[in-house]
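**Student:** A single structure is presented below for examination.
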Amino acid sequence: MTVASTGKTAEDIEGDGAPIDVEAISSQTTTVLGLRMDTTTRAAMDQQVPAIAGHLNRLLQQDLGADVDSEVRKLLREGTKLVDLTRRPTPETPTFGTFLYLRNAALLTRRLLWIYAERNGLGAP
């Protein structure tokens, strides 16, 4: 398991006591991006939403250099919108909408994970 070591305690970084698990997040995004609209059930998609949103939310809480990088600020704004509970898929959301949400969240999570890994000297996820 690859986790960050930045000299800060996990509580300083996360608030929930758990370090960022680069391998787990990378695996989760790979799983989500591997879902196919034509062969994946809605239930399988719904099962992935909390996990991918949770990973994205944890990465949004990290110091990713937004104070000096406008592209990172843009990504953080996009991520903040995606983790907003009012924007997440609901049972009333069409299946394609849920599928698009998952892909967008996974792609953004992967981009932020890459930035996080580079900032913390962890190598490519």
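Chain labels follow the order of the structure tokens: the first chain is A, the next B, and so on; residue numbering restarts at 1 in every chain, and ligands are counted from 1 in their shown order.
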For Ile115 (chain A), list every protein, DNA or RNA residue within 9 Å, evaluated using only C-alpha atoms, and leave out those in the same chain fewer than 5 positions away; present the list as a list in words.
**Tutor:**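 Counting only the stated atoms, we get Leu64, Gly65, Val72, Arg110 and Asn120 of chain A.
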**Student:** Dump all heavy atoms for the selected residues as a tab-separated table (two decimals), in the first residue's frame?
**Tutor:**
```tsv
chain	number	residue	atom	x	y	z
A	64	LEU	N	-2.86	20.81	-2.56
A	64	LEU	CA	-2.46	20.42	-3.91
A	64	LEU	C	-1.80	21.56	-4.67
A	64	LEU	O	-1.55	21.45	-5.86
A	64	LEU	CB	-3.67	19.90	-4.68
A	64	LEU	CG	-4.37	18.68	-4.06
A	64	LEU	CD1	-5.62	18.32	-4.86
A	64	LEU	CD2	-3.42	17.50	-3.97
A	65	GLY	N	-1.54	22.67	-3.97
A	65	GLY	CA	-0.87	23.79	-4.59
A	65	GLY	C	-1.79	24.78	-5.28
A	65	GLY	O	-1.35	25.53	-6.16
A	72	VAL	N	-4.90	23.97	-10.91
A	72	VAL	CA	-5.30	23.20	-9.73
A	72	VAL	C	-6.55	23.83	-9.11
A	72	VAL	O	-7.48	23.12	-8.72
A	72	VAL	CB	-4.16	23.08	-8.70
A	72	VAL	CG1	-4.65	22.47	-7.40
A	72	VAL	CG2	-3.00	22.27	-9.28
A	110	ARG	N	-8.64	10.98	-10.54
A	110	ARG	CA	-7.35	10.51	-11.05
A	110	ARG	C	-6.39	11.68	-11.29
A	110	ARG	O	-5.20	11.60	-10.97
A	110	ARG	CB	-7.58	9.73	-12.34
A	110	ARG	CG	-6.37	8.95	-12.78
A	110	ARG	CD	-6.71	8.07	-13.92
A	110	ARG	NE	-7.05	6.75	-13.40
A	110	ARG	CZ	-7.22	5.68	-14.16
A	110	ARG	NH1	-7.12	5.77	-15.46
A	110	ARG	NH2	-7.50	4.53	-13.61
A	120	ASN	N	3.84	15.02	-3.19
A	120	ASN	CA	4.32	14.31	-2.01
A	120	ASN	C	5.43	13.30	-2.35
A	120	ASN	O	5.77	12.47	-1.50
A	120	ASN	CB	3.15	13.61	-1.32
A	120	ASN	CG	2.24	14.61	-0.66
A	120	ASN	OD1	2.58	15.18	0.36
A	120	ASN	ND2	1.09	14.86	-1.27
```
**Student:** Please identify which residues in region 3-124 of chain A DSSP calls alpha helix (DSSP H) from the backbone, and express them as a ChimeraX atom specification.
**Tutor:** /A:10-13,22-33,42-60,70-83,95-119
**Student:** In Å, rounded to a single decimal, give me how far CA of Arg119 (chain A) is from CA of Ala24 (chain A).
**Tutor:** 18.1 Å
**Student:** Could you list, as a list in words, every residue within 9 Å of Thr30 (chain A), counting only C-alpha atoms and ignoring same-chain residues fewer than 4 positions away?
**Tutor:**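 Non-adjacent residues within range: Ile25, Ser26, Gly34, Leu35, Ala106 and Arg110 of chain A.
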**Student:** Between CA of Thr80 (chain A) and CA of Leu60 (chain A), what distance in Å does the model show, to one decimal?
**Tutor:**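 Separation between CA of Thr80 (chain A) and CA of Leu60 (chain A): 7.4 Å.
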**Student:** With distances taken over only C-alpha atoms, which of A:Leu112, A:Leu102, A:Val83, A:Ala117 is nearest to Met37 (chain A)?
**Tutor:**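 Nearest to Met37 (chain A): A:Leu102.
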**Student:** Counting only C-alpha atoms, figure out which residue out of A:Asp84, A:Ser70, A:Met45, A:Pro19 gets nearest to Thr31 (chain A).
**Tutor:**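 Looking at the shortest contact to Thr31 (chain A), the residue is A:Met45.
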**Student:** With only C-alpha atoms as the basis for distance, which of A:Arg88, A:Arg103, A:Arg73, A:Arg111 is at the shortest distance from Arg36 (chain A)?
**Tutor:** A:Arg103
**Student:** Out of A:Leu76, A:Val32, A:Thr86, A:Pro50, which residue has the shortest atom-to-atom distance to Gln62 (chain A) when counting only C-alpha atoms?
**Tutor:**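 Among A:Leu76, A:Val32, A:Thr86, A:Pro50, it is A:Leu76 that comes nearest to Gln62 (chain A).
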**Student:** Report as a list of chain:residue names all protein, DNA and RNA residues lying within 8 Å of Ala53 (chain A), evaluated on only C-alpha atoms, omitting residues in the same chain fewer than 3 positions from it.
**Tutor:**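 Final neighbour list, sorted by chain and number: A:Val49, A:Pro50, A:Leu56, A:Asn57, A:Leu82, A:Val83, A:Ala105.
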**Student:** With only C-alpha atoms as the basis for distance, which of A:Tyr101, A:Phe96, A:Glu71, A:Glu118 is at the shortest distance from Asp38 (chain A)?
**Tutor:**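 Of all the options, A:Phe96 lies closest to Asp38 (chain A).
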